[in-house]
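J.: I'd like to ask some things about the structure below.
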Amino acid sequence: MPIHTNGHTHNVPYLHQLMSDNPIWMHPQTAKAHGLKMGDTFYVENGISKEKATVFITEGIRPDTLFAYMGFGRDAPSLKRAHGKGLNPSKLLSLRSAPVCGSMITNVGVKITKV
Amino acid sequence: MSPIWGSMAQYEMVHWSWAIAVYLFLAGLSSGSIMVALLVKWNRHERSNSSIWDAMIKSGAVVAPLSILLGLLLLIVDLGRPLSFYWLLIRYNITSVMSLGVLFLLLYTPIVIVFMLLVFERSVMKYTFLAPLVALIQAVKELHSYAKIIEYFLFVTALCISSYTGFLLSALYAIPLWNSPILPILFITSSISLGIAVNILTGLLFFQKYD
Amino acid sequence: MGKAYRLLYDENACIGCQACSVACRVEHGVPEDFFRLQVRMELKGVFPRLGMSYERMACVMCEDAPCVSVCPTFASFQDKDGLVHIDERVCITCKYCILACPYHARFINPLKNVVEKCDFCYESRVSKALLPVCVSICPTEALMFGDMNEHDSLVYETSHKEALIFPKAHLKTKPKVAFLPKRKGMKS
């Protein structure tokens, strides 16, 4: 359910009150396989980066997939409401673009490690 | 599906805090104490100063007004807008147990204070700084022939005070634990048993004169 | 003849976007992190057979309102059309009404220090024959508002076409808000 638009609206008060954090959606089977419970902190890691994230266990995602809203994990301290909240999934994405159309990657494989 | 409807903190807030719980205790204590004191006075009071019965009456006469005044103070202070509490005294909603409780308290509190003054009449005469109260006592003694009726009235209002808190909670049918007809009976019983215990305890500690 | 307002919430059309919640906040200056209106969602089932259920959480304007009968100063009162209002002047914030409301619709406004709840946008809109803000802003037209005494109104026609569920009807509060329950994609 989209509350925020891309990465623009995360500091807007009315919207920040509705969604201020982006815990990663994980299927119960995946969570159990990695020994994670609701709200646990864990590492998502791939060749590009290793980030810390919180888990949100839900049936609404495939067992082999994770989901995170974009636009969180902001670095700018002047974004007083959004600063530092959540995970920045962009840090796990490659900067390579496709040769013809120029589109960039939005899905990557990650490894889950418990903290 | 992450919760996107916002904070649910307002739904989990505790609206009636410890102050209300303590007030319910004090209201029960005050009414139970005075009811027990009155029952002792009607049935067991001999004119000697050293019996436990006399001590129970005296402790009832002190505990009841002090605890109800403390309870009322707690109630007013716990309000979100304490300075608006006078609206409670102006407007009465018969369907609201809280409004009825205010009415009972308005009747009960002055009479129980006067009862305390009459029981401790000799002490009031003795201490000169309590001189203004002597006039009040003399005025009340004019009503000497009505004494029994006023005592019965005091007993009835005390019974109302001890039960109204039970009705206050049982009127909230949205809260399953409180929504029970047995609650007023529970409150009356515990206030009487508390009254007996406190009267005996304070009587033994403060008012018992050893021969 | 007085008005018999009714608000219909169509669970089939609701997408849980919270536009109504934000519009209500803007219209009434609701303090931060407090809500007059929330739309809650619940994900049911096991992957891949999933379904969502939606619920509107706000005041339902009961005919036999418990908040009105327990208020000691008549700060919570009903007008001639049956809408429950709050008189801020005489509210002492004893919080009896908040505990009495079975729908958990009331809360204390920390800035004004009085009790607040959804009021069907009465003063700003309904009294001027406009629709409440949540009804007018809903992008999927999941909310309908009107007078049941007018037989050509949308709420009257819909109430007679569809099956309605009144929230917590077993408590006999006779709410003015009714839900059109989820039909799981079937035609009405």
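Identifiers in the structure tokens: chain A, B, ... in order shown; residue index from 1 per chain; ligand index from 1 in order shown.
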Counting only C-alpha atoms, which residues of chain C fall within 10 Å of chain B, and what is the closest atom pair for each with its distance in Å at one decimal, ordered by chain and rising number, as JSON lines?
T.:
```
{"residue": "C:Gly16", "atom": "CA", "partner": "B:Trp5", "partner_atom": "CA", "distance": 8.3}
{"residue": "C:Cys17", "atom": "CA", "partner": "B:Ile4", "partner_atom": "CA", "distance": 8.6}
{"residue": "C:Gln18", "atom": "CA", "partner": "B:Trp5", "partner_atom": "CA", "distance": 6.6}
{"residue": "C:Ser21", "atom": "CA", "partner": "B:Trp5", "partner_atom": "CA", "distance": 8.1}
{"residue": "C:Val22", "atom": "CA", "partner": "B:Trp5", "partner_atom": "CA", "distance": 9.8}
{"residue": "C:Glu32", "atom": "CA", "partner": "B:Ser7", "partner_atom": "CA", "distance": 9.6}
{"residue": "C:Asp33", "atom": "CA", "partner": "B:Ser7", "partner_atom": "CA", "distance": 5.8}
{"residue": "C:Phe34", "atom": "CA", "partner": "B:Gln10", "partner_atom": "CA", "distance": 6.5}
{"residue": "C:Phe35", "atom": "CA", "partner": "B:Gln10", "partner_atom": "CA", "distance": 7.9}
{"residue": "C:Leu37", "atom": "CA", "partner": "B:Trp5", "partner_atom": "CA", "distance": 9.2}
{"residue": "C:Gln38", "atom": "CA", "partner": "B:Trp5", "partner_atom": "CA", "distance": 5.9}
{"residue": "C:Val39", "atom": "CA", "partner": "B:Trp5", "partner_atom": "CA", "distance": 6.2}
{"residue": "C:Arg40", "atom": "CA", "partner": "B:Trp5", "partner_atom": "CA", "distance": 6.2}
{"residue": "C:Met41", "atom": "CA", "partner": "B:Pro3", "partner_atom": "CA", "distance": 7.6}
{"residue": "C:Glu42", "atom": "CA", "partner": "B:Met1", "partner_atom": "CA", "distance": 7.5}
{"residue": "C:Leu43", "atom": "CA", "partner": "B:Met1", "partner_atom": "CA", "distance": 6.5}
{"residue": "C:Lys44", "atom": "CA", "partner": "B:Met1", "partner_atom": "CA", "distance": 10.0}
{"residue": "C:Met52", "atom": "CA", "partner": "B:Met1", "partner_atom": "CA", "distance": 9.2}
{"residue": "C:Pro66", "atom": "CA", "partner": "B:Leu172", "partner_atom": "CA", "distance": 8.2}
{"residue": "C:Cys67", "atom": "CA", "partner": "B:Ser96", "partner_atom": "CA", "distance": 9.6}
{"residue": "C:Val68", "atom": "CA", "partner": "B:Ser96", "partner_atom": "CA", "distance": 8.6}
{"residue": "C:Ser69", "atom": "CA", "partner": "B:Thr95", "partner_atom": "CA", "distance": 5.4}
{"residue": "C:Val70", "atom": "CA", "partner": "B:Ser96", "partner_atom": "CA", "distance": 4.2}
{"residue": "C:Cys71", "atom": "CA", "partner": "B:Ser96", "partner_atom": "CA", "distance": 6.0}
{"residue": "C:Pro72", "atom": "CA", "partner": "B:Ser99", "partner_atom": "CA", "distance": 4.7}
{"residue": "C:Thr73", "atom": "CA", "partner": "B:Arg91", "partner_atom": "CA", "distance": 5.1}
{"residue": "C:Phe74", "atom": "CA", "partner": "B:Asn93", "partner_atom": "CA", "distance": 6.7}
{"residue": "C:Ala75", "atom": "CA", "partner": "B:Trp87", "partner_atom": "CA", "distance": 9.7}
{"residue": "C:Arg89", "atom": "CA", "partner": "B:Ser84", "partner_atom": "CA", "distance": 8.6}
{"residue": "C:Val90", "atom": "CA", "partner": "B:Trp87", "partner_atom": "CA", "distance": 6.2}
{"residue": "C:Cys91", "atom": "CA", "partner": "B:Ser84", "partner_atom": "CA", "distance": 7.7}
{"residue": "C:Ile92", "atom": "CA", "partner": "B:Arg81", "partner_atom": "CA", "distance": 5.6}
{"residue": "C:Thr93", "atom": "CA", "partner": "B:Gly80", "partner_atom": "CA", "distance": 5.1}
{"residue": "C:Cys94", "atom": "CA", "partner": "B:Leu79", "partner_atom": "CA", "distance": 5.7}
{"residue": "C:Lys95", "atom": "CA", "partner": "B:His15", "partner_atom": "CA", "distance": 6.4}
{"residue": "C:Tyr96", "atom": "CA", "partner": "B:Met98", "partner_atom": "CA", "distance": 8.3}
{"residue": "C:Cys97", "atom": "CA", "partner": "B:Leu172", "partner_atom": "CA", "distance": 9.1}
{"residue": "C:Ile98", "atom": "CA", "partner": "B:His15", "partner_atom": "CA", "distance": 7.8}
{"residue": "C:Leu99", "atom": "CA", "partner": "B:Leu172", "partner_atom": "CA", "distance": 6.9}
{"residue": "C:Ala100", "atom": "CA", "partner": "B:Leu172", "partner_atom": "CA", "distance": 5.0}
{"residue": "C:Cys101", "atom": "CA", "partner": "B:Ala174", "partner_atom": "CA", "distance": 6.7}
{"residue": "C:Pro102", "atom": "CA", "partner": "B:Ala174", "partner_atom": "CA", "distance": 4.8}
{"residue": "C:Tyr103", "atom": "CA", "partner": "B:Ala174", "partner_atom": "CA", "distance": 8.4}
{"residue": "C:His104", "atom": "CA", "partner": "B:Tyr11", "partner_atom": "CA", "distance": 6.7}
{"residue": "C:Ala105", "atom": "CA", "partner": "B:Tyr11", "partner_atom": "CA", "distance": 8.6}
{"residue": "C:Arg106", "atom": "CA", "partner": "B:Tyr11", "partner_atom": "CA", "distance": 8.9}
{"residue": "C:Phe107", "atom": "CA", "partner": "B:Gln10", "partner_atom": "CA", "distance": 6.6}
{"residue": "C:Ile108", "atom": "CA", "partner": "B:Gln10", "partner_atom": "CA", "distance": 8.4}
{"residue": "C:Pro110", "atom": "CA", "partner": "B:Gly80", "partner_atom": "CA", "distance": 9.2}
{"residue": "C:Lys112", "atom": "CA", "partner": "B:Arg81", "partner_atom": "CA", "distance": 9.7}
{"residue": "C:Asn113", "atom": "CA", "partner": "B:Gly80", "partner_atom": "CA", "distance": 6.2}
{"residue": "C:Val114", "atom": "CA", "partner": "B:Gly80", "partner_atom": "CA", "distance": 7.5}
{"residue": "C:Val115", "atom": "CA", "partner": "B:Gly80", "partner_atom": "CA", "distance": 9.5}
{"residue": "C:Leu171", "atom": "CA", "partner": "B:Tyr173", "partner_atom": "CA", "distance": 8.3}
```
J.: Segment 7-68 of chain C: which residues are alpha helix (DSSP H) by DSSP, as an MDAnalysis selection string?
T.: chainID C and resid 19:28 66:68
J.: So, counting only C-alpha atoms, which residue among A:Thr58, A:Gln29, A:Thr41, A:Asn11 is closest to chain B?
T.: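 Selected residue with least distance to chain B: A:Thr58.
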J.: Would you mind listing, as a list in words, all residues of chain A that have at least one atom within 7 Å of chain B, where only C-alpha atoms are what counts?
T.: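 Using only C-alpha atoms, chain A residues at most 7 Å from chain B: Gln17, Leu18, Met19, Thr58 and Gly60 of chain A.
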J.: Should the cut-off be 9 Å, what would the residue list for chain A against chain C look like, counting only C-alpha atoms, as a ChimeraX atom specification?
T.: /A:1-3,13-15,17-18,27,58-63
J.: List the neighbours of segment 154-156 of chain C out to 8 Å using only C-alpha atoms; skip same-chain residues closer than 6 positions along the sequence, and give me the result as a ChimeraX atom specification.
T.: /C:6-8,144-148
J.: Name the residues of segment 33-136 of chain C that come out as strand (DSSP E) in a backbone DSSP run; write them as number ranges by chain.
T.: C: 38-46, 49-57, 76-78, 84-86, 107-109, 114-116
J.: Identify, on the basis of only C-alpha atoms, every residue whose closest approach to segment 79-84 of chain A does not exceed 9 Å; exclude the query and any residue fewer than 4 positions from it along the same chain; express the result as number ranges by chain.
T.: A: 10-13, 16, 20-21, 72-75
J.: Convert the current residue selection to file output with C-alpha atoms, as a PDB file, in the first residue's frame.
T.:
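See result04.pdb below for the written result:
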```
ATOM      1  CA  HIS A  10       9.691  10.445   3.611  1.00  0.00           C
ATOM      2  CA  ASN A  11      10.082  13.582   5.646  1.00  0.00           C
ATOM      3  CA  VAL A  12       6.524  14.824   5.129  1.00  0.00           C
ATOM      4  CA  PRO A  13       4.868  14.802   8.594  1.00  0.00           C
ATOM      5  CA  HIS A  16       5.806   9.954   8.176  1.00  0.00           C
ATOM      6  CA  SER A  20       8.234   5.817   9.429  1.00  0.00           C
ATOM      7  CA  ASP A  21      10.243   2.651   9.029  1.00  0.00           C
ATOM      8  CA  PHE A  72      14.375   4.859   3.845  1.00  0.00           C
ATOM      9  CA  GLY A  73      17.705   4.808   5.642  1.00  0.00           C
ATOM     10  CA  ARG A  74      18.385   8.439   4.795  1.00  0.00           C
ATOM     11  CA  ASP A  75      21.835   9.881   5.451  1.00  0.00           C
TER      12      ASP A  75
END
```
J.: At a cut-off of 9 Å, using only C-alpha atoms, what residues contact Val108 of chain A? Leave out same-chain residues fewer than 4 positions from it and give the result as a list in words.
T.: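 Counting only C-alpha atoms, the residues come to Asn46, Leu92, Leu93 and Ser94 of chain A.
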J.: Write a file of the selected residues as a PDB file, in the first residue's frame, keeping N, CA and C atoms.
T.:
```
ATOM      1  N   ASN A  46      25.294  -8.784   0.147  1.00  0.00           N
ATOM      2  CA  ASN A  46      25.629  -9.326  -1.162  1.00  0.00           C
ATOM      3  C   ASN A  46      27.011  -8.794  -1.526  1.00  0.00           C
ATOM      4  N   LEU A  92      22.362  -1.813  -1.703  1.00  0.00           N
ATOM      5  CA  LEU A  92      22.639  -3.181  -2.126  1.00  0.00           C
ATOM      6  C   LEU A  92      22.542  -3.345  -3.631  1.00  0.00           C
ATOM      7  N   LEU A  93      22.162  -2.260  -4.320  1.00  0.00           N
ATOM      8  CA  LEU A  93      21.929  -2.374  -5.752  1.00  0.00           C
ATOM      9  C   LEU A  93      23.155  -1.939  -6.531  1.00  0.00           C
ATOM     10  N   SER A  94      23.371  -2.617  -7.631  1.00  0.00           N
ATOM     11  CA  SER A  94      24.524  -2.307  -8.465  1.00  0.00           C
ATOM     12  C   SER A  94      24.279  -1.023  -9.260  1.00  0.00           C
TER      13      SER A  94
END
```
J.: Could you state the separation of atom CA of Phe56 of chain A and atom CA of Ala58 of chain C in Å, given to one decimal place?
T.: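 For atom CA of Phe56 of chain A relative to atom CA of Ala58 of chain C, the distance reads 26.9 Å.
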J.: Rounded to one decimal place, report the atom CA of Ala19 of chain B-atom CA of Ser76 of chain C distance in Å.
T.: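 Between these atoms lies a distance of 23.5 Å.
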J.: Which residues are near Ser170 of chain B? Cut-off 8 Å, only C-alpha atoms, ignore same chain within fewer than 5 positions. Put them as a list of chain:residue names.
T.: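 Counting only C-alpha atoms, the residues come to B:Trp178, B:Asn179, B:Ser180, B:Pro181, B:Leu183, B:Pro184.
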J.: So that I have them on file, write out the residues from the current selection with C-alpha atoms, as a short mmCIF file (atom, residue, chain, number, x, y, z; two decimals), in the first residue's frame.
T.:
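Result file is again_11.cif:
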```cif
data_model
loop_
_atom_site.label_atom_id
_atom_site.label_comp_id
_atom_site.auth_asym_id
_atom_site.auth_seq_id
_atom_site.Cartn_x
_atom_site.Cartn_y
_atom_site.Cartn_z
CA TRP B 178 -16.01 -4.92 34.82
CA ASN B 179 -19.33 -5.52 33.14
CA SER B 180 -20.84 -7.63 35.91
CA PRO B 181 -23.77 -7.10 38.25
CA LEU B 183 -19.36 -5.59 41.18
CA PRO B 184 -21.38 -3.27 43.46
#
```
J.: Counting only C-alpha atoms, figure out which residue out of C:Arg56, C:Lys172, C:Lys182, C:Lys3 gets nearest to Lys80 of chain C.
T.: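 Of the candidates, the smallest distance to Lys80 of chain C is held by C:Lys3.
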